[in-house]
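Reproduced below: work-v8.cif, with mmCIF, C-alpha atoms; chains and numbers go by the auth columns.
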data_model
loop_
_atom_site.group_PDB
_atom_site.id
_atom_site.type_symbol
_atom_site.label_atom_id
_atom_site.label_comp_id
_atom_site.label_asym_id
_atom_site.label_seq_id
_atom_site.Cartn_x
_atom_site.Cartn_y
_atom_site.Cartn_z
_atom_site.B_iso_or_equiv
_atom_site.auth_seq_id
_atom_site.auth_asym_id
ATOM 1 C CA MET A 1 0.000 0.000 0.000 0.00 1201 A
ATOM 2 C CA PRO A 2 1.473 3.400 -0.944 0.00 1202 A
ATOM 3 C CA SER A 3 2.589 5.673 1.881 0.00 1203 A
ATOM 4 C CA PRO A 4 0.259 8.616 2.656 0.00 1204 A
ATOM 5 C CA ARG A 5 1.289 11.763 0.754 0.00 1205 A
ATOM 6 C CA PHE A 6 1.120 15.278 2.172 0.00 1206 A
ATOM 7 C CA TYR A 7 1.908 18.756 0.867 0.00 1207 A
ATOM 8 C CA CYS A 8 4.039 20.884 3.198 0.00 1208 A
ATOM 9 C CA SER A 9 4.330 24.612 2.594 0.00 1209 A
ATOM 10 C CA GLU A 10 7.716 24.759 4.341 0.00 1210 A
ATOM 11 C CA PRO A 11 10.916 24.038 2.325 0.00 1211 A
ATOM 12 C CA LEU A 12 12.043 20.444 2.794 0.00 1212 A
ATOM 13 C CA SER A 13 15.503 18.848 2.763 0.00 1213 A
ATOM 14 C CA THR A 14 17.035 15.440 3.324 0.00 1214 A
ATOM 15 C CA HIS A 15 17.854 14.269 6.865 0.00 1215 A
ATOM 16 C CA GLN A 16 15.609 16.983 8.288 0.00 1216 A
ATOM 17 C CA ARG A 17 13.671 16.710 11.537 0.00 1217 A
ATOM 18 C CA LEU A 18 10.539 18.625 10.662 0.00 1218 A
ATOM 19 C CA THR A 19 7.861 19.770 13.055 0.00 1219 A
ATOM 20 C CA LEU A 20 4.715 19.520 10.979 0.00 1220 A
ATOM 21 C CA PRO A 21 2.628 22.698 10.561 0.00 1221 A
ATOM 22 C CA GLU A 22 -0.536 22.686 12.658 0.00 1222 A
ATOM 23 C CA SER A 23 -2.909 22.059 9.743 0.00 1223 A
ATOM 24 C CA LEU A 24 -0.810 19.144 8.472 0.00 1224 A
ATOM 25 C CA ALA A 25 -0.463 17.693 11.972 0.00 1225 A
ATOM 26 C CA HIS A 26 -4.253 17.855 12.309 0.00 1226 A
ATOM 27 C CA HIS A 27 -4.648 16.012 9.006 0.00 1227 A
ATOM 28 C CA VAL A 28 -2.279 13.285 10.221 0.00 1228 A
ATOM 29 C CA ARG A 29 -4.305 12.847 13.416 0.00 1229 A
ATOM 30 C CA VAL A 30 -7.611 12.721 11.538 0.00 1230 A
ATOM 31 C CA LEU A 31 -6.188 9.837 9.488 0.00 1231 A
ATOM 32 C CA ARG A 32 -5.160 8.142 12.770 0.00 1232 A
ATOM 33 C CA LEU A 33 -1.583 7.617 11.627 0.00 1233 A
ATOM 34 C CA ALA A 34 0.676 6.205 14.314 0.00 1234 A
ATOM 35 C CA ALA A 35 4.301 6.847 15.230 0.00 1235 A
ATOM 36 C CA GLY A 36 6.616 4.905 12.950 0.00 1236 A
ATOM 37 C CA CYS A 37 4.290 5.235 9.958 0.00 1237 A
ATOM 38 C CA GLN A 38 6.049 5.840 6.634 0.00 1238 A
ATOM 39 C CA ILE A 39 4.857 9.013 4.901 0.00 1239 A
ATOM 40 C CA VAL A 40 5.776 11.076 1.829 0.00 1240 A
ATOM 41 C CA LEU A 41 6.071 14.876 1.883 0.00 1241 A
ATOM 42 C CA PHE A 42 6.478 17.336 -0.987 0.00 1242 A
ATOM 43 C CA ASP A 43 6.851 21.121 -0.970 0.00 1243 A
ATOM 44 C CA GLY A 44 5.817 21.907 -4.540 0.00 1244 A
ATOM 45 C CA ARG A 45 9.363 22.563 -5.786 0.00 1245 A
ATOM 46 C CA GLY A 46 9.714 19.156 -7.428 0.00 1246 A
ATOM 47 C CA GLY A 47 10.330 15.658 -6.190 0.00 1247 A
ATOM 48 C CA GLU A 48 9.260 14.222 -2.858 0.00 1248 A
ATOM 49 C CA TYR A 49 10.752 13.086 0.433 0.00 1249 A
ATOM 50 C CA SER A 50 10.213 9.804 2.232 0.00 1250 A
ATOM 51 C CA GLY A 51 9.991 10.058 5.988 0.00 1251 A
ATOM 52 C CA THR A 52 8.907 8.507 9.253 0.00 1252 A
ATOM 53 C CA LEU A 53 6.190 9.966 11.440 0.00 1253 A
ATOM 54 C CA ASP A 54 6.716 10.539 15.152 0.00 1254 A
ATOM 55 C CA PHE A 55 4.928 12.368 17.967 0.00 1255 A
ATOM 56 C CA ASN A 56 6.129 14.463 20.884 0.00 1256 A
ATOM 57 C CA GLY A 57 2.985 14.965 22.904 0.00 1257 A
ATOM 58 C CA LYS A 58 0.634 16.973 20.695 0.00 1258 A
ATOM 59 C CA ILE A 59 3.443 17.865 18.285 0.00 1259 A
ATOM 60 C CA ALA A 60 3.752 15.774 15.119 0.00 1260 A
ATOM 61 C CA VAL A 61 7.253 15.343 13.693 0.00 1261 A
ATOM 62 C CA ALA A 62 8.561 13.850 10.456 0.00 1262 A
ATOM 63 C CA MET A 63 12.084 12.474 10.140 0.00 1263 A
ATOM 64 C CA LEU A 64 12.864 13.074 6.468 0.00 1264 A
ATOM 65 C CA GLU A 65 15.110 10.653 4.654 0.00 1265 A
ATOM 66 C CA GLN A 66 15.743 10.493 0.911 0.00 1266 A
ATOM 67 C CA HIS A 67 14.673 12.900 -1.802 0.00 1267 A
ATOM 68 C CA HIS A 68 13.105 11.135 -4.781 0.00 1268 A
ATOM 69 C CA GLN A 69 13.014 12.829 -8.179 0.00 1269 A
ATOM 70 C CA ASN A 70 9.516 11.602 -8.941 0.00 1270 A
ATOM 71 C CA GLU A 71 7.529 13.793 -11.321 0.00 1271 A
ATOM 72 C CA ALA A 72 4.078 13.410 -12.831 0.00 1272 A
ATOM 73 C CA GLU A 73 4.054 16.484 -15.106 0.00 1273 A
ATOM 74 C CA LEU A 74 2.974 16.503 -18.738 0.00 1274 A
ATOM 75 C CA VAL A 75 5.519 16.632 -21.538 0.00 1275 A
ATOM 76 C CA GLY A 76 4.104 20.022 -22.552 0.00 1276 A
ATOM 77 C CA GLN A 77 2.477 22.876 -20.673 0.00 1277 A
ATOM 78 C CA ILE A 78 -1.242 23.636 -20.714 0.00 1278 A
ATOM 79 C CA THR A 79 -2.682 26.922 -19.494 0.00 1279 A
ATOM 80 C CA LEU A 80 -6.449 27.062 -18.995 0.00 1280 A
ATOM 81 C CA LEU A 81 -8.320 30.366 -19.197 0.00 1281 A
ATOM 82 C CA GLN A 82 -11.658 29.491 -17.628 0.00 1282 A
ATOM 83 C CA GLY A 83 -14.574 31.888 -17.724 0.00 1283 A
ATOM 84 C CA LEU A 84 -15.832 32.080 -14.134 0.00 1284 A
ATOM 85 C CA PRO A 85 -18.837 29.751 -13.830 0.00 1285 A
ATOM 86 C CA SER A 86 -21.592 30.019 -11.249 0.00 1286 A
ATOM 87 C CA GLY A 87 -21.699 28.273 -7.881 0.00 1287 A
ATOM 88 C CA ASP A 88 -18.916 25.877 -6.989 0.00 1288 A
ATOM 89 C CA LYS A 89 -18.247 24.664 -10.538 0.00 1289 A
ATOM 90 C CA MET A 90 -14.834 26.341 -10.489 0.00 1290 A
ATOM 91 C CA ASP A 91 -13.835 24.083 -7.583 0.00 1291 A
ATOM 92 C CA TRP A 92 -14.517 21.056 -9.778 0.00 1292 A
ATOM 93 C CA VAL A 93 -12.600 22.510 -12.735 0.00 1293 A
ATOM 94 C CA ILE A 94 -9.566 23.311 -10.569 0.00 1294 A
ATOM 95 C CA GLU A 95 -9.470 19.897 -8.901 0.00 1295 A
ATOM 96 C CA LYS A 96 -9.705 18.012 -12.182 0.00 1296 A
ATOM 97 C CA ALA A 97 -7.291 20.372 -13.939 0.00 1297 A
ATOM 98 C CA VAL A 98 -4.680 19.390 -11.342 0.00 1298 A
ATOM 99 C CA GLU A 99 -5.356 15.706 -11.966 0.00 1299 A
ATOM 100 C CA LEU A 100 -5.118 16.167 -15.739 0.00 1300 A
ATOM 101 C CA GLY A 101 -1.754 17.957 -15.496 0.00 1301 A
ATOM 102 C CA VAL A 102 -2.669 21.571 -16.274 0.00 1302 A
ATOM 103 C CA THR A 103 0.209 23.946 -15.500 0.00 1303 A
ATOM 104 C CA ARG A 104 -1.770 27.093 -14.760 0.00 1304 A
ATOM 105 C CA VAL A 105 -5.371 28.270 -14.489 0.00 1305 A
ATOM 106 C CA ILE A 106 -6.389 31.879 -15.052 0.00 1306 A
ATOM 107 C CA PRO A 107 -10.017 32.570 -14.071 0.00 1307 A
ATOM 108 C CA ILE A 108 -11.633 34.978 -16.518 0.00 1308 A
ATOM 109 C CA ALA A 109 -14.163 37.506 -15.251 0.00 1309 A
ATOM 110 C CA ALA A 110 -16.071 37.269 -18.506 0.00 1310 A
ATOM 111 C CA GLN A 111 -18.845 39.645 -19.485 0.00 1311 A
ATOM 112 C CA ARG A 112 -21.402 36.862 -19.070 0.00 1312 A
ATOM 113 C CA SER A 113 -19.971 35.460 -15.826 0.00 1313 A
ATOM 114 C CA VAL A 114 -22.572 35.401 -13.069 0.00 1314 A
ATOM 115 C CA LEU A 115 -19.949 35.030 -10.342 0.00 1315 A
ATOM 116 C CA GLN A 116 -18.112 38.264 -9.532 0.00 1316 A
ATOM 117 C CA LEU A 117 -15.238 38.298 -7.033 0.00 1317 A
ATOM 118 C CA SER A 118 -13.417 41.174 -5.365 0.00 1318 A
ATOM 119 C CA GLY A 119 -11.961 42.284 -2.042 0.00 1319 A
ATOM 120 C CA SER A 120 -12.093 39.877 0.898 0.00 1320 A
ATOM 121 C CA ARG A 121 -14.396 37.542 -1.003 0.00 1321 A
ATOM 122 C CA LEU A 122 -11.749 37.117 -3.703 0.00 1322 A
ATOM 123 C CA GLU A 123 -8.993 36.544 -1.118 0.00 1323 A
ATOM 124 C CA LYS A 124 -11.026 33.809 0.581 0.00 1324 A
ATOM 125 C CA ARG A 125 -11.838 32.166 -2.742 0.00 1325 A
ATOM 126 C CA LEU A 126 -8.155 32.140 -3.808 0.00 1326 A
ATOM 127 C CA LEU A 127 -7.164 30.545 -0.492 0.00 1327 A
ATOM 128 C CA HIS A 128 -9.905 27.976 -1.002 0.00 1328 A
ATOM 129 C CA TRP A 129 -8.762 27.213 -4.551 0.00 1329 A
ATOM 130 C CA ASN A 130 -5.158 26.809 -3.439 0.00 1330 A
ATOM 131 C CA LYS A 131 -6.259 24.307 -0.781 0.00 1331 A
ATOM 132 C CA ILE A 132 -8.035 22.345 -3.511 0.00 1332 A
ATOM 133 C CA ILE A 133 -4.819 22.358 -5.577 0.00 1333 A
ATOM 134 C CA GLU A 134 -2.783 21.068 -2.642 0.00 1334 A
ATOM 135 C CA SER A 135 -5.262 18.317 -1.837 0.00 1335 A
ATOM 136 C CA ALA A 136 -5.616 17.229 -5.467 0.00 1336 A
ATOM 137 C CA SER A 137 -1.814 17.157 -5.838 0.00 1337 A
ATOM 138 C CA GLU A 138 -1.525 14.909 -2.788 0.00 1338 A
ATOM 139 C CA GLN A 139 -4.045 12.529 -4.303 0.00 1339 A
ATOM 140 C CA CYS A 140 -2.812 12.369 -7.893 0.00 1340 A
ATOM 141 C CA GLY A 141 0.946 12.243 -7.316 0.00 1341 A
ATOM 142 C CA ARG A 142 2.005 15.641 -8.657 0.00 1342 A
ATOM 143 C CA ASN A 143 4.954 17.180 -6.820 0.00 1343 A
ATOM 144 C CA ARG A 144 4.666 20.614 -8.460 0.00 1344 A
ATOM 145 C CA LEU A 145 1.647 22.743 -7.639 0.00 1345 A
ATOM 146 C CA MET A 146 -0.556 24.002 -10.437 0.00 1346 A
ATOM 147 C CA GLN A 147 -0.599 27.798 -10.435 0.00 1347 A
ATOM 148 C CA ILE A 148 -3.787 29.806 -10.148 0.00 1348 A
ATOM 149 C CA GLU A 149 -4.089 33.549 -10.601 0.00 1349 A
ATOM 150 C CA SER A 150 -6.575 36.233 -9.641 0.00 1350 A
ATOM 151 C CA PRO A 151 -9.432 36.686 -12.112 0.00 1351 A
ATOM 152 C CA LEU A 152 -8.766 38.915 -15.105 0.00 1352 A
ATOM 153 C CA SER A 153 -10.838 40.195 -17.994 0.00 1353 A
ATOM 154 C CA LEU A 154 -10.162 38.383 -21.258 0.00 1354 A
ATOM 155 C CA GLU A 155 -8.579 41.533 -22.710 0.00 1355 A
ATOM 156 C CA LYS A 156 -6.160 41.849 -19.793 0.00 1356 A
ATOM 157 C CA ALA A 157 -5.322 38.151 -19.766 0.00 1357 A
ATOM 158 C CA LEU A 158 -4.471 38.160 -23.474 0.00 1358 A
ATOM 159 C CA THR A 159 -2.389 41.315 -23.078 0.00 1359 A
ATOM 160 C CA GLU A 160 -0.431 40.110 -20.045 0.00 1360 A
ATOM 161 C CA HIS A 161 0.037 36.485 -21.148 0.00 1361 A
ATOM 162 C CA LYS A 162 1.302 36.527 -24.718 0.00 1362 A
ATOM 163 C CA THR A 163 1.931 32.800 -25.085 0.00 1363 A
ATOM 164 C CA GLU A 164 2.119 30.683 -28.219 0.00 1364 A
ATOM 165 C CA ASN A 165 -0.760 28.505 -29.470 0.00 1365 A
ATOM 166 C CA ARG A 166 -3.749 30.257 -27.895 0.00 1366 A
ATOM 167 C CA LEU A 167 -7.050 28.513 -28.640 0.00 1367 A
ATOM 168 C CA LEU A 168 -10.511 29.861 -27.847 0.00 1368 A
ATOM 169 C CA CYS A 169 -13.395 27.395 -27.748 0.00 1369 A
ATOM 170 C CA ASP A 170 -16.309 28.667 -29.856 0.00 1370 A
ATOM 171 C CA PRO A 171 -19.155 26.645 -31.448 0.00 1371 A
ATOM 172 C CA GLU A 172 -18.649 28.836 -34.524 0.00 1372 A
ATOM 173 C CA GLY A 173 -14.881 28.358 -34.525 0.00 1373 A
ATOM 174 C CA SER A 174 -12.996 28.272 -37.795 0.00 1374 A
ATOM 175 C CA GLU A 175 -11.329 24.880 -37.254 0.00 1375 A
ATOM 176 C CA GLU A 176 -11.859 21.629 -35.373 0.00 1376 A
ATOM 177 C CA PHE A 177 -9.807 21.361 -32.178 0.00 1377 A
ATOM 178 C CA ASN A 178 -8.159 18.021 -32.956 0.00 1378 A
ATOM 179 C CA THR A 179 -7.432 19.061 -36.552 0.00 1379 A
ATOM 180 C CA TRP A 180 -5.606 22.170 -35.364 0.00 1380 A
ATOM 181 C CA LEU A 181 -3.582 20.226 -32.774 0.00 1381 A
ATOM 182 C CA THR A 182 -2.082 17.994 -35.459 0.00 1382 A
ATOM 183 C CA SER A 183 -1.633 20.705 -38.087 0.00 1383 A
ATOM 184 C CA PRO A 184 1.750 22.209 -39.078 0.00 1384 A
ATOM 185 C CA THR A 185 0.440 25.552 -37.804 0.00 1385 A
ATOM 186 C CA ALA A 186 0.593 24.322 -34.228 0.00 1386 A
ATOM 187 C CA ASN A 187 4.252 23.291 -34.398 0.00 1387 A
ATOM 188 C CA LEU A 188 3.922 21.800 -30.929 0.00 1388 A
ATOM 189 C CA ASN A 189 7.135 19.818 -31.256 0.00 1389 A
ATOM 190 C CA VAL A 190 9.048 23.106 -31.171 0.00 1390 A
ATOM 191 C CA THR A 191 6.832 24.943 -28.667 0.00 1391 A
ATOM 192 C CA PRO A 192 5.165 22.271 -26.496 0.00 1392 A
ATOM 193 C CA SER A 193 2.626 24.543 -24.848 0.00 1393 A
ATOM 194 C CA ILE A 194 -0.978 25.516 -25.490 0.00 1394 A
ATOM 195 C CA THR A 195 -3.482 27.873 -23.919 0.00 1395 A
ATOM 196 C CA ILE A 196 -7.126 26.785 -23.928 0.00 1396 A
ATOM 197 C CA MET A 197 -9.889 29.350 -23.369 0.00 1397 A
ATOM 198 C CA VAL A 198 -13.393 28.316 -22.339 0.00 1398 A
ATOM 199 C CA GLY A 199 -16.196 30.791 -21.697 0.00 1399 A
ATOM 200 C CA PRO A 200 -18.716 30.801 -18.815 0.00 1400 A
ATOM 201 C CA GLU A 201 -22.243 29.341 -18.996 0.00 1401 A
ATOM 202 C CA GLY A 202 -23.458 32.052 -21.377 0.00 1402 A
ATOM 203 C CA GLY A 203 -20.421 31.724 -23.632 0.00 1403 A
ATOM 204 C CA TRP A 204 -18.169 34.508 -24.885 0.00 1404 A
ATOM 205 C CA SER A 205 -19.720 37.837 -25.810 0.00 1405 A
ATOM 206 C CA GLN A 206 -19.250 39.249 -29.299 0.00 1406 A
ATOM 207 C CA GLN A 207 -16.957 41.879 -27.810 0.00 1407 A
ATOM 208 C CA GLU A 208 -14.758 39.151 -26.300 0.00 1408 A
ATOM 209 C CA LEU A 209 -14.685 37.225 -29.574 0.00 1409 A
ATOM 210 C CA ASP A 210 -13.585 40.405 -31.362 0.00 1410 A
ATOM 211 C CA CYS A 211 -10.929 40.903 -28.683 0.00 1411 A
ATOM 212 C CA ALA A 212 -9.601 37.382 -29.258 0.00 1412 A
ATOM 213 C CA ARG A 213 -9.332 38.001 -32.992 0.00 1413 A
ATOM 214 C CA ARG A 214 -7.392 41.245 -32.398 0.00 1414 A
ATOM 215 C CA HIS A 215 -4.917 39.233 -30.340 0.00 1415 A
ATOM 216 C CA ASN A 216 -4.595 36.615 -33.112 0.00 1416 A
ATOM 217 C CA VAL A 217 -6.202 33.886 -31.011 0.00 1417 A
ATOM 218 C CA GLN A 218 -7.284 30.790 -32.952 0.00 1418 A
ATOM 219 C CA THR A 219 -10.981 29.940 -32.525 0.00 1419 A
ATOM 220 C CA VAL A 220 -11.735 26.219 -32.518 0.00 1420 A
ATOM 221 C CA LYS A 221 -14.807 23.988 -32.397 0.00 1421 A
ATOM 222 C CA PHE A 222 -14.898 20.989 -30.086 0.00 1422 A
ATOM 223 C CA GLY A 223 -17.240 18.335 -31.426 0.00 1423 A
ATOM 224 C CA ALA A 224 -20.836 18.510 -32.587 0.00 1424 A
ATOM 225 C CA ARG A 225 -22.395 19.083 -29.163 0.00 1425 A
ATOM 226 C CA VAL A 226 -22.461 22.186 -26.962 0.00 1426 A
ATOM 227 C CA LEU A 227 -20.860 21.179 -23.655 0.00 1427 A
ATOM 228 C CA ARG A 228 -21.291 22.777 -20.251 0.00 1428 A
ATOM 229 C CA THR A 229 -18.438 25.100 -19.366 0.00 1429 A
ATOM 230 C CA GLU A 230 -16.953 22.771 -16.743 0.00 1430 A
ATOM 231 C CA THR A 231 -17.219 19.807 -19.122 0.00 1431 A
ATOM 232 C CA ALA A 232 -15.689 21.596 -22.104 0.00 1432 A
ATOM 233 C CA ALA A 233 -12.610 22.763 -20.214 0.00 1433 A
ATOM 234 C CA LEU A 234 -11.682 19.340 -18.886 0.00 1434 A
ATOM 235 C CA ALA A 235 -12.643 17.457 -22.054 0.00 1435 A
ATOM 236 C CA MET A 236 -10.405 19.716 -24.157 0.00 1436 A
ATOM 237 C CA VAL A 237 -7.470 19.288 -21.795 0.00 1437 A
ATOM 238 C CA ALA A 238 -7.887 15.503 -21.810 0.00 1438 A
ATOM 239 C CA ALA A 239 -8.251 15.436 -25.595 0.00 1439 A
ATOM 240 C CA ALA A 240 -5.146 17.576 -26.089 0.00 1440 A
ATOM 241 C CA THR A 241 -2.962 15.369 -23.907 0.00 1441 A
ATOM 242 C CA ALA A 242 -4.201 12.261 -25.697 0.00 1442 A
ATOM 243 C CA VAL A 243 -3.861 13.608 -29.260 0.00 1443 A
ATOM 244 C CA LEU A 244 -0.410 15.085 -28.559 0.00 1444 A
ATOM 245 C CA GLY A 245 0.827 12.065 -26.631 0.00 1445 A
ATOM 246 C CA TRP A 246 1.685 14.204 -23.610 0.00 1446 A
#
Show this structure as structure tokens.
Amino acid sequence: MPSPRFYCSEPLSTHQRLTLPESLAHHVRVLRLAAGCQIVLFDGRGGEYSGTLDFNGKIAVAMLEQHHQNEAELVGQITLLQGLPSGDKMDWVIEKAVELGVTRVIPIAAQRSVLQLSGSRLEKRLLHWNKIIESASEQCGRNRLMQIESPLSLEKALTEHKTENRLLCDPEGSEEFNTWLTSPTANLNVTPSITIMVGPEGGWSQQELDCARRHNVQTVKFGARVLRTETAALAMVAAATAVLGW
């Protein structure tokens, strides 16, 4: 049975006696792990550390041993620009994006987004999303944390993040998604990175579509059916990794 895996926000090193942060110590107790139990810790900088759990009264301690260069990252990098959906759908997208290997998620405060975040509400939501990333990374075996940014408008996101191979999902797109991925235009062997943009429940506004065209973003169709926003994002990521062999 694999050893329990935990994310630790503190920098880790070999042969370290580490007092576990309070939240992590609480997690260990909830799982009823005993002294002498073998665990795995990672700090998000790559690789993981094997260790042995111990207790000193209410204090939980890990005796770190070897560092293992285990990685579960994709061959290429995928950035997801997700139009903010309503309710807790973004939680689902973030969790599954971690599992599928997405490098970075940028929430888009789209013109048709029902959810609007600012101030303390935004700070709490970002903390919540980062906790989801940490938990999903523990579960799926990733030792590098997916990055998530504060919500931006589509215009600002395209201006600040001028990456190669930017694809916007649109039922009226000019090319099929899988056709574009395998076309010479993509040239993904040279630049193994793509940015996928999915609108909120109401889709992209005409103004946002015009904005994408001004920034030379490729519009693509994804199949014959109109998918829900949370389905489209994850289906496109999964399809891309499969088609590209990542």
Can you list every residue of stretch 1281-1386 of chain A that has an atom at most 12 Å from stretch 1412-1434 of chain A, with its nearest atom pair and the distance in Å to one decimal, using all atoms listed in the file, ordered by chain then number, as a Markdown table?
| residue | atom | partner | partner_atom | distance |
| --- | --- | --- | --- | --- |
| A:Leu1281 | CA | A:Ala1433 | CA | 8.8 |
| A:Gln1282 | CA | A:Ala1433 | CA | 7.3 |
| A:Gly1283 | CA | A:Thr1429 | CA | 8.0 |
| A:Leu1284 | CA | A:Thr1429 | CA | 9.1 |
| A:Pro1285 | CA | A:Thr1429 | CA | 7.2 |
| A:Ser1286 | CA | A:Thr1429 | CA | 10.0 |
| A:Gly1287 | CA | A:Glu1430 | CA | 11.5 |
| A:Asp1288 | CA | A:Glu1430 | CA | 10.4 |
| A:Lys1289 | CA | A:Glu1430 | CA | 6.6 |
| A:Met1290 | CA | A:Glu1430 | CA | 7.5 |
| A:Asp1291 | CA | A:Glu1430 | CA | 9.8 |
| A:Trp1292 | CA | A:Glu1430 | CA | 7.6 |
| A:Val1293 | CA | A:Glu1430 | CA | 5.9 |
| A:Ile1294 | CA | A:Leu1434 | CA | 9.5 |
| A:Glu1295 | CA | A:Leu1434 | CA | 10.2 |
| A:Lys1296 | CA | A:Leu1434 | CA | 7.1 |
| A:Ala1297 | CA | A:Leu1434 | CA | 6.7 |
| A:Val1298 | CA | A:Leu1434 | CA | 10.3 |
| A:Glu1299 | CA | A:Leu1434 | CA | 10.1 |
| A:Leu1300 | CA | A:Leu1434 | CA | 7.9 |
| A:Gly1301 | CA | A:Leu1434 | CA | 10.6 |
| A:Val1302 | CA | A:Leu1434 | CA | 9.6 |
| A:Val1305 | CA | A:Ala1433 | CA | 10.7 |
| A:Pro1307 | CA | A:Ala1433 | CA | 11.9 |
| A:Ser1313 | CA | A:Thr1429 | CA | 11.1 |
| A:Ser1353 | CA | A:Ala1412 | CA | 11.7 |
| A:Leu1354 | CA | A:Ala1412 | CA | 8.1 |
| A:Glu1355 | CA | A:Ala1412 | CA | 7.8 |
| A:Lys1356 | CA | A:His1415 | CA | 10.9 |
| A:Ala1357 | CA | A:Ala1412 | CA | 10.4 |
| A:Leu1358 | CA | A:His1415 | CA | 7.0 |
| A:Thr1359 | CA | A:His1415 | CA | 8.0 |
| A:Glu1360 | CA | A:His1415 | CA | 11.3 |
| A:His1361 | CA | A:His1415 | CA | 10.8 |
| A:Lys1362 | CA | A:His1415 | CA | 8.8 |
| A:Thr1363 | CA | A:Val1417 | CA | 10.1 |
| A:Glu1364 | CA | A:Val1417 | CA | 9.3 |
| A:Asn1365 | CA | A:Gln1418 | CA | 7.7 |
| A:Arg1366 | CA | A:Val1417 | CA | 5.4 |
| A:Leu1367 | CA | A:Gln1418 | CA | 4.9 |
| A:Leu1368 | CA | A:Thr1419 | CA | 4.7 |
| A:Cys1369 | CA | A:Val1420 | CA | 5.2 |
| A:Asp1370 | CA | A:Lys1421 | CA | 5.5 |
| A:Pro1371 | CA | A:Lys1421 | CA | 5.2 |
| A:Glu1372 | CA | A:Lys1421 | CA | 6.5 |
| A:Gly1373 | CA | A:Val1420 | CA | 4.3 |
| A:Ser1374 | CA | A:Val1420 | CA | 5.8 |
| A:Glu1375 | CA | A:Val1420 | CA | 4.9 |
| A:Glu1376 | CA | A:Lys1421 | CA | 4.8 |
| A:Phe1377 | CA | A:Val1420 | CA | 5.2 |
| A:Asn1378 | CA | A:Phe1422 | CA | 7.9 |
| A:Thr1379 | CA | A:Val1420 | CA | 9.3 |
| A:Trp1380 | CA | A:Val1420 | CA | 7.9 |
| A:Leu1381 | CA | A:Val1420 | CA | 10.1 |
| A:Thr1385 | CA | A:Gln1418 | CA | 10.5 |
| A:Ala1386 | CA | A:Gln1418 | CA | 10.3 |
Per-residue nearest contacts of stretch 1344-1412 of chain A to stretch 1328-1333 of chain A (9 Å; only C-alpha atoms) as CSV:
residue,atom,partner,partner_atom,distance
A:Leu1345,CA,A:Ile1333,CA,6.8
A:Met1346,CA,A:Ile1333,CA,6.7
A:Gln1347,CA,A:Asn1330,CA,8.4
A:Ile1348,CA,A:Asn1330,CA,7.5
Using C-alpha atoms, can you write the selected residues to a file as a PDB file, in the coordinates of the input?
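Written out: selection09.pdb:
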ATOM      1  CA  LEU A1345       1.647  22.743  -7.639  1.00  0.00           C
ATOM      2  CA  MET A1346      -0.556  24.002 -10.437  1.00  0.00           C
ATOM      3  CA  GLN A1347      -0.599  27.798 -10.435  1.00  0.00           C
ATOM      4  CA  ILE A1348      -3.787  29.806 -10.148  1.00  0.00           C
TER       5      ILE A1348
END
Worksheet entry | Given all atoms listed in the file as the counted atoms, nearest of A:Gly1276, A:Gly1246, A:Gly1445, A:Pro1400 to A:Ile1308 | A:Pro1400
Practice prompt. Please write as a PyMOL selection string the full residue list that the PyMOL selection byres ((chain A and resi 1265) around 9) yields on this file.
Written response: chain A and resi 1213-1216+1249-1252+1263-1264+1266-1267
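Atom to atom, atom CA of A:Ala1442 and atom CA of A:Glu1349 stand 26.1 Å apart.
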Worksheet entry | Nearest candidate to A:Leu1220 (options A:Val1314, A:Cys1411, A:Cys1237, A:Ile1259; using all atoms listed in the file) |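 With all atoms listed in the file as the atom set, the closest residue is A:Ile1259.
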Worksheet entry | Selected residue of minimal separation from A:Leu1444 among A:Ile1278, A:Leu1326, A:Leu1315, A:Met1397, counting all atoms listed in the file | A:Ile1278
Worksheet item: Suppose you want the space between atom CA of A:Cys1208 and atom CA of A:Leu1241; what is it in Å?
Response: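 Calculated distance between atom CA of A:Cys1208 and atom CA of A:Leu1241 is 6.5 Å.
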Worksheet item: Which one is closest to A:Ala1440: A:Ser1318, A:Asn1343, A:Ser1209, A:Thr1382? Count only C-alpha atoms.
Response: A:Thr1382
Provide an axis-aligned box for all listed atoms of stretch 1250-1265 of chain A, padding each side by 6 Å; report its centre and its edge lengths in Å to one decimal, as lines of an AutoDock Vina configuration file.
center_x = 7.9
center_y = 13.2
center_z = 12.6
size_x = 26.5
size_y = 21.4
size_z = 32.7
Discussion item. One number please: atom CA of A:Glu1248 to atom CA of A:Leu1280, in Å, one decimal.
Written reply: 25.9 Å
Please evaluate the PyMOL selection byres ((chain A and resi 1227) around 12) against the displayed coordinates and give the resulting residues as a PDB file with C-alpha atoms, keeping the file's coordinate frame.
ATOM      1  CA  PRO A1204       0.259   8.616   2.656  1.00  0.00           C
ATOM      2  CA  ARG A1205       1.289  11.763   0.754  1.00  0.00           C
ATOM      3  CA  PHE A1206       1.120  15.278   2.172  1.00  0.00           C
ATOM      4  CA  TYR A1207       1.908  18.756   0.867  1.00  0.00           C
ATOM      5  CA  CYS A1208       4.039  20.884   3.198  1.00  0.00           C
ATOM      6  CA  LEU A1220       4.715  19.520  10.979  1.00  0.00           C
ATOM      7  CA  PRO A1221       2.628  22.698  10.561  1.00  0.00           C
ATOM      8  CA  GLU A1222      -0.536  22.686  12.658  1.00  0.00           C
ATOM      9  CA  SER A1223      -2.909  22.059   9.743  1.00  0.00           C
ATOM     10  CA  LEU A1224      -0.810  19.144   8.472  1.00  0.00           C
ATOM     11  CA  ALA A1225      -0.463  17.693  11.972  1.00  0.00           C
ATOM     12  CA  HIS A1226      -4.253  17.855  12.309  1.00  0.00           C
ATOM     13  CA  VAL A1228      -2.279  13.285  10.221  1.00  0.00           C
ATOM     14  CA  ARG A1229      -4.305  12.847  13.416  1.00  0.00           C
ATOM     15  CA  VAL A1230      -7.611  12.721  11.538  1.00  0.00           C
ATOM     16  CA  LEU A1231      -6.188   9.837   9.488  1.00  0.00           C
ATOM     17  CA  ARG A1232      -5.160   8.142  12.770  1.00  0.00           C
ATOM     18  CA  LEU A1233      -1.583   7.617  11.627  1.00  0.00           C
ATOM     19  CA  ALA A1260       3.752  15.774  15.119  1.00  0.00           C
ATOM     20  CA  SER A1335      -5.262  18.317  -1.837  1.00  0.00           C
TER      21      SER A1335
END
